[in-house]
Every structure is written in C-alpha cells, then in structure tokens.
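Asks: Just one file: entry.tsv, with TSV, C-alpha atoms and all ligand atoms.
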```
chain	number	residue	atom	x	y	z
A	100	MET	CA	0.00	0.00	0.00
A	101	ILE	CA	1.26	3.48	-0.77
A	102	LYS	CA	0.71	6.50	1.39
A	103	GLY	CA	-0.43	9.68	-0.25
A	104	ASP	CA	-3.02	12.45	-0.27
A	105	CYS	CA	-6.54	11.10	-0.74
A	106	LYS	CA	-8.05	13.15	-3.56
A	107	LEU	CA	-11.45	13.24	-1.88
A	108	CYS	CA	-10.92	13.90	1.86
A	109	GLY	CA	-7.44	15.39	1.37
A	110	GLY	CA	-5.96	13.34	4.24
A	111	TYR	CA	-2.45	11.89	4.03
A	112	LYS	CA	-3.34	8.20	4.34
A	113	ASP	CA	-2.78	4.68	3.07
A	114	LEU	CA	-4.33	4.65	-0.40
A	115	CYS	CA	-6.31	1.63	-1.54
A	116	LYS	CA	-6.90	-0.07	-4.88
A	117	ALA	CA	-9.77	2.12	-5.99
A	118	HIS	CA	-11.88	0.80	-8.83
A	119	ILE	CA	-13.26	3.47	-11.13
A	120	ILE	CA	-15.81	1.40	-13.02
A	121	ALA	CA	-16.95	-0.97	-10.27
A	122	ARG	CA	-16.41	-4.73	-10.32
A	123	PRO	CA	-20.04	-5.82	-10.97
A	124	PHE	CA	-19.94	-4.05	-14.36
A	125	PHE	CA	-16.94	-6.18	-15.36
A	126	LYS	CA	-18.35	-9.40	-13.92
A	127	PHE	CA	-21.38	-8.85	-16.14
A	128	LEU	CA	-19.10	-9.36	-19.17
A	129	TYR	CA	-18.33	-12.98	-18.26
A	130	PRO	CA	-20.45	-16.07	-18.62
A	131	ASP	CA	-22.15	-16.79	-15.27
A	132	HIS	CA	-20.85	-13.38	-14.15
A	133	VAL	CA	-17.69	-14.90	-12.69
A	134	ALA	CA	-14.69	-12.75	-13.57
A	135	ASN	CA	-11.55	-14.64	-14.55
A	136	GLY	CA	-8.69	-14.13	-17.02
A	137	THR	CA	-7.46	-10.83	-18.38
A	138	LEU	CA	-9.37	-8.38	-20.47
A	139	ILE	CA	-7.71	-6.43	-23.24
A	140	ALA	CA	-9.01	-2.95	-23.65
A	141	LEU	CA	-8.60	-1.25	-27.01
A	142	SER	CA	-8.35	2.46	-26.79
A	143	GLN	CA	-8.29	5.10	-29.49
A	144	PHE	CA	-6.50	8.29	-28.63
A	145	GLN	CA	-5.35	10.93	-31.10
A	146	ASN	CA	-6.18	8.51	-33.91
A	147	LYS	CA	-3.88	5.78	-32.60
A	148	TYR	CA	-5.04	2.49	-31.15
A	149	ARG	CA	-3.52	1.25	-27.94
A	150	LYS	CA	-3.99	-1.95	-26.03
A	151	ILE	CA	-4.35	-1.84	-22.27
A	152	LYS	CA	-4.40	-5.02	-20.22
A	153	VAL	CA	-7.20	-4.93	-17.71
A	154	PRO	CA	-7.62	-7.28	-14.71
A	155	ALA	CA	-10.74	-9.45	-14.88
A	156	ALA	CA	-12.49	-7.40	-12.23
A	157	GLY	CA	-11.67	-4.10	-13.95
A	158	MET	CA	-9.02	-1.42	-13.70
A	159	TYR	CA	-8.18	0.38	-10.50
A	160	ASP	CA	-5.99	3.25	-9.42
A	161	SER	CA	-3.86	2.83	-6.28
A	162	GLY	CA	-3.07	6.53	-5.98
A	163	ILE	CA	-6.38	8.34	-5.58
A	164	LEU	CA	-8.51	7.29	-2.59
A	165	CYS	CA	-8.19	6.18	1.03
A	166	ALA	CA	-10.21	3.13	2.07
A	167	GLU	CA	-12.74	5.24	3.93
A	168	CYS	CA	-13.59	7.40	0.90
A	169	ASP	CA	-13.51	4.35	-1.39
A	170	ASN	CA	-16.10	2.70	0.86
A	171	VAL	CA	-18.42	5.68	0.52
A	172	PHE	CA	-18.16	5.43	-3.28
A	173	GLY	CA	-18.62	1.67	-2.96
A	174	LYS	CA	-22.16	2.24	-1.66
A	175	TYR	CA	-23.00	4.28	-4.77
A	176	ASP	CA	-21.36	1.67	-7.01
A	177	LYS	CA	-23.46	-1.09	-5.50
A	178	TYR	CA	-26.67	0.85	-5.97
A	179	ALA	CA	-25.82	1.87	-9.55
A	180	ALA	CA	-25.01	-1.75	-10.47
A	181	GLU	CA	-28.42	-2.79	-9.13
A	182	ILE	CA	-30.18	-0.16	-11.22
A	183	LEU	CA	-28.12	-0.38	-14.42
A	184	LEU	CA	-27.61	-4.15	-14.51
A	185	LYS	CA	-30.56	-5.67	-12.70
A	186	ALA	CA	-33.54	-3.32	-12.42
A	187	GLU	CA	-36.50	-4.14	-14.62
A	188	PHE	CA	-37.28	-1.09	-16.70
A	189	ASP	CA	-40.55	-0.95	-18.64
A	190	GLU	CA	-40.59	-0.07	-22.31
A	191	THR	CA	-42.15	3.35	-22.93
A	192	PRO	CA	-45.48	3.31	-24.83
A	193	GLU	CA	-43.81	4.68	-28.00
A	194	LYS	CA	-40.98	2.14	-27.59
A	195	GLU	CA	-38.29	4.82	-27.91
A	196	GLY	CA	-36.89	4.04	-24.48
A	197	TYR	CA	-37.35	2.55	-21.04
A	198	VAL	CA	-38.65	3.86	-17.77
A	199	LEU	CA	-38.23	2.96	-14.10
A	200	ASN	CA	-40.80	4.67	-11.94
A	201	THR	CA	-39.02	4.67	-8.60
A	202	TYR	CA	-35.34	4.96	-7.85
A	203	ASP	CA	-33.09	6.87	-5.47
A	204	TYR	CA	-32.09	10.07	-7.32
A	205	LYS	CA	-29.57	11.04	-4.67
A	206	LYS	CA	-27.64	7.76	-4.71
A	207	LEU	CA	-27.65	7.38	-8.48
A	208	LYS	CA	-26.61	10.98	-9.12
A	209	LEU	CA	-23.85	10.77	-6.51
A	210	PHE	CA	-22.63	7.64	-8.28
A	211	PHE	CA	-22.24	9.54	-11.56
A	212	LEU	CA	-20.56	12.47	-9.82
A	213	SER	CA	-18.15	10.07	-8.09
A	214	LEU	CA	-17.37	8.47	-11.42
A	215	VAL	CA	-16.46	11.77	-13.06
A	216	PHE	CA	-14.40	12.67	-10.00
A	217	ARG	CA	-12.54	9.35	-9.98
A	218	GLY	CA	-11.98	9.47	-13.74
A	219	SER	CA	-10.70	13.03	-13.61
A	220	VAL	CA	-8.24	12.59	-10.72
A	221	SER	CA	-7.00	9.21	-12.00
A	222	LYS	CA	-3.83	8.95	-14.07
A	223	HIS	CA	-4.97	5.58	-15.46
A	224	LYS	CA	-4.69	5.49	-19.27
A	225	ALA	CA	-8.27	4.33	-19.69
A	226	PHE	CA	-9.46	7.61	-18.16
A	227	GLU	CA	-7.05	9.99	-19.87
A	228	ARG	CA	-9.88	11.66	-21.76
A	229	ILE	CA	-11.81	12.41	-18.56
A	230	LEU	CA	-10.21	15.62	-17.38
A	231	VAL	CA	-12.79	18.12	-16.23
A	232	GLY	CA	-10.48	20.90	-15.00
A	233	GLU	CA	-9.79	22.24	-11.54
A	234	GLU	CA	-12.98	24.26	-11.11
A	235	HIS	CA	-15.39	21.41	-11.93
A	236	GLU	CA	-13.26	18.90	-10.03
A	237	GLN	CA	-13.46	21.09	-6.92
A	238	LYS	CA	-17.22	21.65	-7.24
A	239	ILE	CA	-17.89	17.96	-7.72
A	240	ARG	CA	-15.60	17.16	-4.77
A	241	ASP	CA	-17.59	19.58	-2.56
A	242	LEU	CA	-20.88	17.92	-3.55
A	243	LEU	CA	-19.42	14.47	-2.85
A	244	LEU	CA	-18.01	15.49	0.53
A	245	ALA	CA	-21.39	16.96	1.50
A	246	GLU	CA	-23.14	13.88	0.01
A	247	LYS	CA	-25.31	16.28	-1.99
A	248	PRO	CA	-26.40	15.23	-5.49
A	249	GLY	CA	-26.91	18.81	-6.71
A	250	THR	CA	-29.99	20.02	-8.53
A	251	GLU	CA	-31.14	18.45	-11.79
A	252	ASP	CA	-29.43	21.30	-13.68
A	253	GLU	CA	-26.06	20.88	-11.95
A	254	TYR	CA	-24.05	18.17	-13.66
A	255	SER	CA	-27.27	16.90	-15.26
A	256	VAL	CA	-27.28	13.23	-16.20
A	257	PHE	CA	-29.25	11.34	-18.78
A	258	LEU	CA	-29.05	7.66	-19.68
A	259	ALA	CA	-29.12	5.64	-22.87
A	260	LYS	CA	-28.85	1.96	-23.77
A	261	PHE	CA	-27.62	0.07	-26.81
A	262	ASP	CA	-30.51	-2.01	-27.86
A	263	ASP	CA	-29.31	-4.60	-30.33
A	264	SER	CA	-28.52	-7.46	-28.00
A	265	ILE	CA	-30.54	-9.91	-30.10
A	266	ARG	CA	-28.81	-9.18	-33.40
A	267	ILE	CA	-25.43	-8.30	-31.87
A	268	PRO	CA	-25.01	-10.10	-28.54
A	269	PHE	CA	-21.83	-8.21	-27.58
A	270	ALA	CA	-23.73	-4.90	-27.68
A	271	THR	CA	-24.19	-5.42	-23.95
A	272	LYS	CA	-20.86	-7.19	-23.32
A	273	ASN	CA	-18.22	-4.54	-23.78
A	274	ILE	CA	-17.22	-1.38	-21.95
A	275	PRO	CA	-15.72	1.34	-24.18
A	276	ASN	CA	-13.45	3.84	-22.43
A	277	PRO	CA	-15.16	7.01	-21.26
A	278	ARG	CA	-14.71	10.18	-23.27
A	279	LYS	CA	-15.83	13.76	-23.61
A	280	ILE	CA	-18.30	14.99	-26.20
A	281	ARG	CA	-20.30	18.07	-27.09
A	282	LEU	CA	-24.01	17.95	-27.73
A	283	GLU	CA	-25.41	21.14	-29.19
A	284	GLY	CA	-22.35	22.98	-27.92
A	285	ILE	CA	-22.66	21.70	-24.34
A	286	ASN	CA	-19.85	19.66	-22.77
A	287	PHE	CA	-20.45	16.16	-21.47
A	288	CYS	CA	-18.49	13.19	-20.18
A	289	ILE	CA	-19.82	9.87	-21.45
A	290	PHE	CA	-19.30	6.76	-19.37
A	291	TYR	CA	-20.10	3.30	-20.69
A	292	PHE	CA	-21.15	0.29	-18.66
A	293	SER	CA	-21.92	-3.31	-19.45
A	294	ASN	CA	-25.54	-4.20	-20.24
A	295	GLY	CA	-25.27	-1.60	-23.02
A	296	MET	CA	-25.77	1.27	-20.57
A	297	ILE	CA	-24.42	4.75	-21.25
A	298	ALA	CA	-24.44	7.81	-19.01
A	299	TYR	CA	-24.11	11.37	-20.33
A	300	ILE	CA	-22.95	13.69	-17.55
A	301	LYS	CA	-23.03	17.43	-18.26
A	302	ILE	CA	-19.82	19.23	-17.32
A	303	ASP	CA	-21.03	22.68	-18.18
A	304	LYS	CA	-22.77	25.58	-16.43
A	305	ARG	CA	-25.33	26.02	-19.20
A	306	LYS	CA	-28.69	24.35	-18.71
A	307	LEU	CA	-29.89	21.53	-20.93
A	308	GLY	CA	-32.69	22.20	-23.38
A	309	MET	CA	-35.19	19.78	-24.90
A	310	PRO	CA	-35.11	16.92	-25.65
A	311	TYR	CA	-32.36	16.18	-23.11
A	312	SER	CA	-33.96	18.14	-20.28
A	313	GLY	CA	-37.02	15.91	-20.66
A	314	VAL	CA	-35.10	12.72	-19.96
A	315	MET	CA	-32.46	13.86	-17.45
A	316	LEU	CA	-32.51	12.49	-13.91
A	317	LYS	CA	-34.81	14.56	-11.70
A	318	GLN	CA	-35.72	14.20	-8.06
A	319	GLY	CA	-39.23	12.73	-7.75
A	320	HIS	CA	-39.50	11.79	-11.44
A	321	PRO	CA	-39.11	8.39	-13.16
A	322	CYS	CA	-35.73	7.37	-14.54
A	323	PHE	CA	-35.70	7.33	-18.35
A	324	ILE	CA	-33.34	5.49	-20.69
A	325	ILE	CA	-33.13	6.39	-24.37
A	326	LYS	CA	-32.73	3.48	-26.80
A	327	ILE	CA	-29.78	3.69	-29.19
A	328	GLU	CA	-29.35	1.32	-32.11
A	329	TYR	CA	-25.96	-0.37	-31.70
A	330	GLU	CA	-25.43	-1.48	-35.29
A	331	THR	CA	-25.35	2.09	-36.61
A	332	SER	CA	-23.54	3.66	-33.62
A	333	ALA	CA	-20.09	5.26	-33.69
A	334	GLU	CA	-19.12	2.92	-30.82
A	335	PHE	CA	-19.84	-0.20	-32.89
A	336	LYS	CA	-17.83	1.18	-35.81
A	337	LEU	CA	-14.90	1.99	-33.52
A	338	LEU	CA	-14.98	-1.46	-31.93
A	339	MET	CA	-14.96	-3.16	-35.32
A	340	GLU	CA	-12.06	-0.98	-36.56
A	341	SER	CA	-9.96	-1.53	-33.45
A	342	ALA	CA	-10.67	-5.28	-33.37
A	343	LYS	CA	-9.51	-5.52	-36.99
A	344	ILE	CA	-6.25	-3.75	-36.20
A	345	PHE	CA	-5.77	-5.88	-33.09
A	346	PHE	CA	-6.17	-9.16	-34.98
A	347	GLN	CA	-3.97	-7.96	-37.87
A	348	GLU	CA	-1.17	-7.19	-35.38
A	349	LYS	CA	-1.65	-10.52	-33.69
A	350	ASN	CA	-1.30	-12.43	-36.98
A	351	ASN	CA	1.87	-10.56	-38.05
B	401	ZN	ZN	-10.14	9.89	1.84
```
Rewrite the structure of this file - the entire thing - as structure tokens.
Replies:
Amino acid sequence: MIKGDCKLCGGYKDLCKAHIIARPFFKFLYPDHVANGTLIALSQFQNKYRKIKVPAAGMYDSGILCAECDNVFGKYDKYAAEILLKAEFDETPEKEGYVLNTYDYKKLKLFFLSLVFRGSVSKHKAFERILVGEEHEQKIRDLLLAEKPGTEDEYSVFLAKFDDSIRIPFATKNIPNPRKIRLEGINFCIFYFSNGMIAYIKIDKRKLGMPYSGVMLKQGHPCFIIKIEYETSAEFKLLMESAKIFFQEKNN
C-alpha cells in the first residue's frame, strides 16, 4: 500500500486499490458473471489504437482514494449496479426508451458524480480523456463530501442503452473507455457500462434544453433510458475498426 493524499478527503493516508468502473460491471461481461482471465481494452487516442491489459475485475488506481472514501463510493457503485444491470425497466409506450418509476435520485446521481471525479483525478490510461479541469473537479468534490447530489441542472445526467442485443449479442458485453463529447455545444463526459448502458454527464454551467432536459434524472421523477441502435452507432464502428487492427497485429 502506498501513502499519499486522498483526492477526496485530502488526508495523508494509506491509499487503496480504488476501482473506477466498479467490479459488478466487469463481472457482467463474463459467462455466469464470474470474472476470470485478463481483459484487453482497445483504446483510441489521437487517432492511434492502444492496447491496455485490464484485470478481470476491472481497472483500478492505487493513488487516488483512502479506504474510507472508497467505501463511501462503494455504496454508490453497489446501488448503480443494481439499477443499471438488474432493475426491470418498462418499455415506454412509443418504444423509444425505457422507464423505471421509482429509484433513489440522490444515490444514483452521486454515483455519476463520483465516477467523473474518480476518472478526472485518475492517471490511469483508460481515463485519460476524462479531465474536467480544476474548477469542476473542486465543485464535484464539494458535492461528494457533503453527500449532496446537486440540482437536476447541476451536472445533469441522462441515460441511454444500446438495444441490439438480439442481433449483436456483444452490444451489452463490452465497456468502451469514457470520453468527452459536445451535444449542441454543451460539454459532457460519457461513461459506458456493461448491459449496453451509457451515461451522459453534463460538465457545463449552461442548462440543458429539450429533448435532453425531458429525460435527465430529476428528483421525484421516473428514470428514463433512451434506446440507441448499436449497429449504426459510432461505438460499434470503432470497436470493429480496433478489433480488426488488433487481430492484424496478432497475426503478423
Ligand atoms: Zn479519503
């Protein structure tokens, strides 16, 4: 164990192996949900592909959190895994998405905030694109320390799901690395999970307009998930391209 400054509480303590994407999301990738072996992550950065070896239970960073703070995040991880991997969402009447009528806004939102925080303070290669800058990092840290999820307009979150698991079974069985994007000029971090789940987390002071404001997480409202077709997604294209390069290299 190394001693260092915990990025959340600021204390000089023994730092633990802190998972960023929690173990249940990786276990979901394996048959019977038992994690064994080594995963190889393919990452595209500045138009180059890189391979990162990932332990079966997912990557961790040993330089960011003390055990106490990691345990607090662990509670959010557990809840998020229940919602994103196990909860039974109903299809919306127009079949454009899914809905879950009751859930704990505070816990789920704190999970997404903790994820952005962990990704941003981590030096792990898989999270190199998640840098939110000092100001946002500090604001998110304050919310996490106070265990406050913020209002629906602060770091707004909306969810989506790849929905081609019948035609393309691995649509739900891979976890692309998180990245930043802009939607209508507004900055987001996107995190991917197994089960085809995707979270868009707004890292921007500007408020979201429709249609996103209609589906973002809100206290006292149902949780919506937008369906995304996997076969035509940028993520599917990227996975196919990187897999091709990976197998070409392997055969040479
Ligand atoms: Zn700590």
Asks: So, with only C-alpha atoms as the atoms that count, which of A:Val256, A:Cys108, A:Ile327, A:Leu338 lies closest to A:Tyr311?
Replies: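 Closest candidate: A:Val256.
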Asks: Please write out the residues within 6 Å of ligand ZN 401 (chain B) as a list of chain:residue names, counting all atoms listed in the file.
Replies: A:Cys105, A:Leu107, A:Cys108, A:Gly110, A:Leu164, A:Cys165, A:Glu167, A:Cys168
Asks: Tell me which of A:Thr191, A:Asn276, A:Asn294, A:Gln347 sits closest to A:Phe226, counting only C-alpha atoms.
Replies: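 Closest candidate: A:Asn276.
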Asks: Let me have the centre and edge lengths in Å, one decimal, of the box along x, y and z around every listed atom of stretch 118-136 of chain A with 4 Å of margin on each side, as JSON.
Replies:
```
{"center_x": -15.4, "center_y": -6.7, "center_z": -14.0, "size_x": 21.5, "size_y": 28.3, "size_z": 18.3}
```
Asks: What does the structure give for the distance between atom CA of A:Lys150 and atom CA of A:Ser341, in Å to one decimal?
Replies: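 Computing it gives 9.5 Å between the two atoms.
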Asks: What gap, in Å, lies between atom CA of A:Ile239 and atom CA of A:Ser213?
Replies: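 Result for atom CA of A:Ile239 versus atom CA of A:Ser213: 7.9 Å, one decimal.
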Asks: Would you mind listing what lies within 10 Å of A:Thr201 as a list in words, with only C-alpha atoms counted and same-chain residues fewer than 4 positions away left out?
Replies: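 My list of contacting residues is Gly319, His320, Pro321 and Cys322 of chain A.
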Asks: Within 12 Å of stretch 127-137 of chain A, which residues of stretch 259-292 of chain A show up? Give each one with its shortest atom-to-atom distance in Å (one decimal) and the two atoms involved, counting all atoms listed in the file, rows by chain then rising residue number, as CSV.
Replies:
```
residue,atom,partner,partner_atom,distance
A:Pro268,CA,A:Leu128,CA,11.1
A:Phe269,CA,A:Leu128,CA,8.9
A:Ala270,CA,A:Leu128,CA,10.7
A:Thr271,CA,A:Leu128,CA,8.0
A:Lys272,CA,A:Leu128,CA,5.0
A:Asn273,CA,A:Leu128,CA,6.7
A:Ile274,CA,A:Leu128,CA,8.7
A:Phe292,CA,A:Phe127,CA,9.5
```
Asks: Take the point (-10.0, -11.1, -23.9) in the file's coordinates, draw a sphere of radius 10 Å around it, and report as a list of chain:residue names every protein, DNA or RNA residue with an atom inside or on it, counting all atoms listed in the file.
Replies: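 Residues close enough to count: A:Gly136, A:Thr137, A:Leu138, A:Ile139, A:Ala140, A:Lys152, A:Val153, A:Ala155.
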Asks: So what do you get for atom CA of A:Tyr329 versus atom CA of A:Pro277, distance-wise?
Replies: 16.7 Å
Asks: Have a look at A:Arg240, A:Lys336, A:Lys174, A:Lys205 and name the one nearest to A:Ala121; count all atoms listed in the file.
Replies: A:Lys174
Asks: With distances taken over all atoms listed in the file, which of A:Glu193, A:Ser332, A:Lys206, A:Leu183 is nearest to A:Ile297?
Replies: A:Leu183
Asks: Looking at A:Lys224, A:Lys112, A:Lys326, A:Lys126, which one is nearest to A:Val198, with distances taken over all atoms listed in the file?
Replies: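 The closest residue to A:Val198 is A:Lys326.
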Asks: So, counting only C-alpha atoms, which residue among A:Ser161, A:Phe172, A:Pro192, A:Leu282 is closest to A:Leu244?
Replies: A:Phe172
Asks: Excluding A:Lys194 and residues on its chain fewer than 5 positions from it, collect all residues at most 12 Å away from it, counting all atoms listed in the file, and give them as an MDAnalysis selection string.
Replies: chainID A and resid 188:189 262 323:327
Asks: Can you list, as a PyMOL selection string, every protein, DNA or RNA residue that comes within 10 Å of stretch 298-303 of chain A when you count all atoms listed in the file, leaving out same-chain residues fewer than 3 positions away?
Replies: chain A and resi 208+211-212+214-215+231-232+235-236+239+252-260+277-282+284-292+306-307+311+315+324
Asks: Generate the coordinates of N, CA and C atoms for stretch 200-226 of chain A; report them as an mmCIF file, keeping the file's coordinate frame.
Replies:
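Now in selection20.cif:
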```cif
data_model
loop_
_atom_site.group_PDB
_atom_site.id
_atom_site.type_symbol
_atom_site.label_atom_id
_atom_site.label_comp_id
_atom_site.auth_asym_id
_atom_site.auth_seq_id
_atom_site.Cartn_x
_atom_site.Cartn_y
_atom_site.Cartn_z
ATOM 1 N N ASN A 200 -40.033 3.636 -12.635
ATOM 2 C CA ASN A 200 -40.800 4.670 -11.940
ATOM 3 C C ASN A 200 -40.207 5.134 -10.615
ATOM 4 N N THR A 201 -39.624 4.213 -9.858
ATOM 5 C CA THR A 201 -39.020 4.670 -8.600
ATOM 6 C C THR A 201 -37.557 4.264 -8.502
ATOM 7 N N TYR A 202 -36.769 5.207 -8.077
ATOM 8 C CA TYR A 202 -35.340 4.960 -7.850
ATOM 9 C C TYR A 202 -34.846 6.068 -6.929
ATOM 10 N N ASP A 203 -33.645 5.899 -6.413
ATOM 11 C CA ASP A 203 -33.090 6.870 -5.470
ATOM 12 C C ASP A 203 -32.212 7.871 -6.246
ATOM 13 N N TYR A 204 -32.799 9.045 -6.534
ATOM 14 C CA TYR A 204 -32.090 10.070 -7.320
ATOM 15 C C TYR A 204 -30.751 10.417 -6.681
ATOM 16 N N LYS A 205 -30.776 10.589 -5.364
ATOM 17 C CA LYS A 205 -29.570 11.040 -4.670
ATOM 18 C C LYS A 205 -28.411 10.053 -4.858
ATOM 19 N N LYS A 206 -28.698 8.774 -4.601
ATOM 20 C CA LYS A 206 -27.640 7.760 -4.710
ATOM 21 C C LYS A 206 -27.122 7.610 -6.131
ATOM 22 N N LEU A 207 -28.056 7.606 -7.089
ATOM 23 C CA LEU A 207 -27.650 7.380 -8.480
ATOM 24 C C LEU A 207 -26.856 8.587 -9.008
ATOM 25 N N LYS A 208 -27.317 9.781 -8.666
ATOM 26 C CA LYS A 208 -26.610 10.980 -9.120
ATOM 27 C C LYS A 208 -25.236 11.072 -8.478
ATOM 28 N N LEU A 209 -25.150 10.754 -7.184
ATOM 29 C CA LEU A 209 -23.850 10.770 -6.510
ATOM 30 C C LEU A 209 -22.903 9.743 -7.133
ATOM 31 N N PHE A 210 -23.457 8.627 -7.591
ATOM 32 C CA PHE A 210 -22.630 7.640 -8.280
ATOM 33 C C PHE A 210 -21.989 8.261 -9.525
ATOM 34 N N PHE A 211 -22.792 8.955 -10.335
ATOM 35 C CA PHE A 211 -22.240 9.540 -11.560
ATOM 36 C C PHE A 211 -21.238 10.646 -11.247
ATOM 37 N N LEU A 212 -21.522 11.428 -10.218
ATOM 38 C CA LEU A 212 -20.560 12.470 -9.820
ATOM 39 C C LEU A 212 -19.245 11.827 -9.360
ATOM 40 N N SER A 213 -19.364 10.733 -8.592
ATOM 41 C CA SER A 213 -18.150 10.070 -8.090
ATOM 42 C C SER A 213 -17.343 9.479 -9.235
ATOM 43 N N LEU A 214 -18.031 9.054 -10.255
ATOM 44 C CA LEU A 214 -17.370 8.470 -11.420
ATOM 45 C C LEU A 214 -16.555 9.526 -12.175
ATOM 46 N N VAL A 215 -17.168 10.678 -12.388
ATOM 47 C CA VAL A 215 -16.460 11.770 -13.060
ATOM 48 C C VAL A 215 -15.260 12.185 -12.207
ATOM 49 N N PHE A 216 -15.473 12.283 -10.902
ATOM 50 C CA PHE A 216 -14.400 12.670 -10.000
ATOM 51 C C PHE A 216 -13.242 11.669 -10.068
ATOM 52 N N ARG A 217 -13.572 10.387 -9.936
ATOM 53 C CA ARG A 217 -12.540 9.350 -9.980
ATOM 54 C C ARG A 217 -11.810 9.363 -11.323
ATOM 55 N N GLY A 218 -12.592 9.462 -12.397
ATOM 56 C CA GLY A 218 -11.980 9.470 -13.740
ATOM 57 C C GLY A 218 -11.066 10.664 -13.930
ATOM 58 N N SER A 219 -11.471 11.811 -13.405
ATOM 59 C CA SER A 219 -10.700 13.030 -13.610
ATOM 60 C C SER A 219 -9.407 13.049 -12.790
ATOM 61 N N VAL A 220 -9.459 12.556 -11.553
ATOM 62 C CA VAL A 220 -8.240 12.590 -10.720
ATOM 63 C C VAL A 220 -7.305 11.409 -11.037
ATOM 64 N N SER A 221 -7.824 10.381 -11.713
ATOM 65 C CA SER A 221 -7.000 9.210 -12.000
ATOM 66 C C SER A 221 -6.005 9.482 -13.124
ATOM 67 N N LYS A 222 -4.832 8.856 -12.994
ATOM 68 C CA LYS A 222 -3.830 8.950 -14.070
ATOM 69 C C LYS A 222 -3.896 7.695 -14.956
ATOM 70 N N HIS A 223 -4.842 6.814 -14.676
ATOM 71 C CA HIS A 223 -4.970 5.580 -15.460
ATOM 72 C C HIS A 223 -5.265 5.925 -16.926
ATOM 73 N N LYS A 224 -4.565 5.201 -17.830
ATOM 74 C CA LYS A 224 -4.690 5.490 -19.270
ATOM 75 C C LYS A 224 -6.136 5.427 -19.768
ATOM 76 N N ALA A 225 -6.902 4.496 -19.203
ATOM 77 C CA ALA A 225 -8.270 4.330 -19.690
ATOM 78 C C ALA A 225 -9.127 5.578 -19.429
ATOM 79 N N PHE A 226 -8.664 6.433 -18.521
ATOM 80 C CA PHE A 226 -9.460 7.610 -18.160
ATOM 81 C C PHE A 226 -8.797 8.922 -18.579
#
```
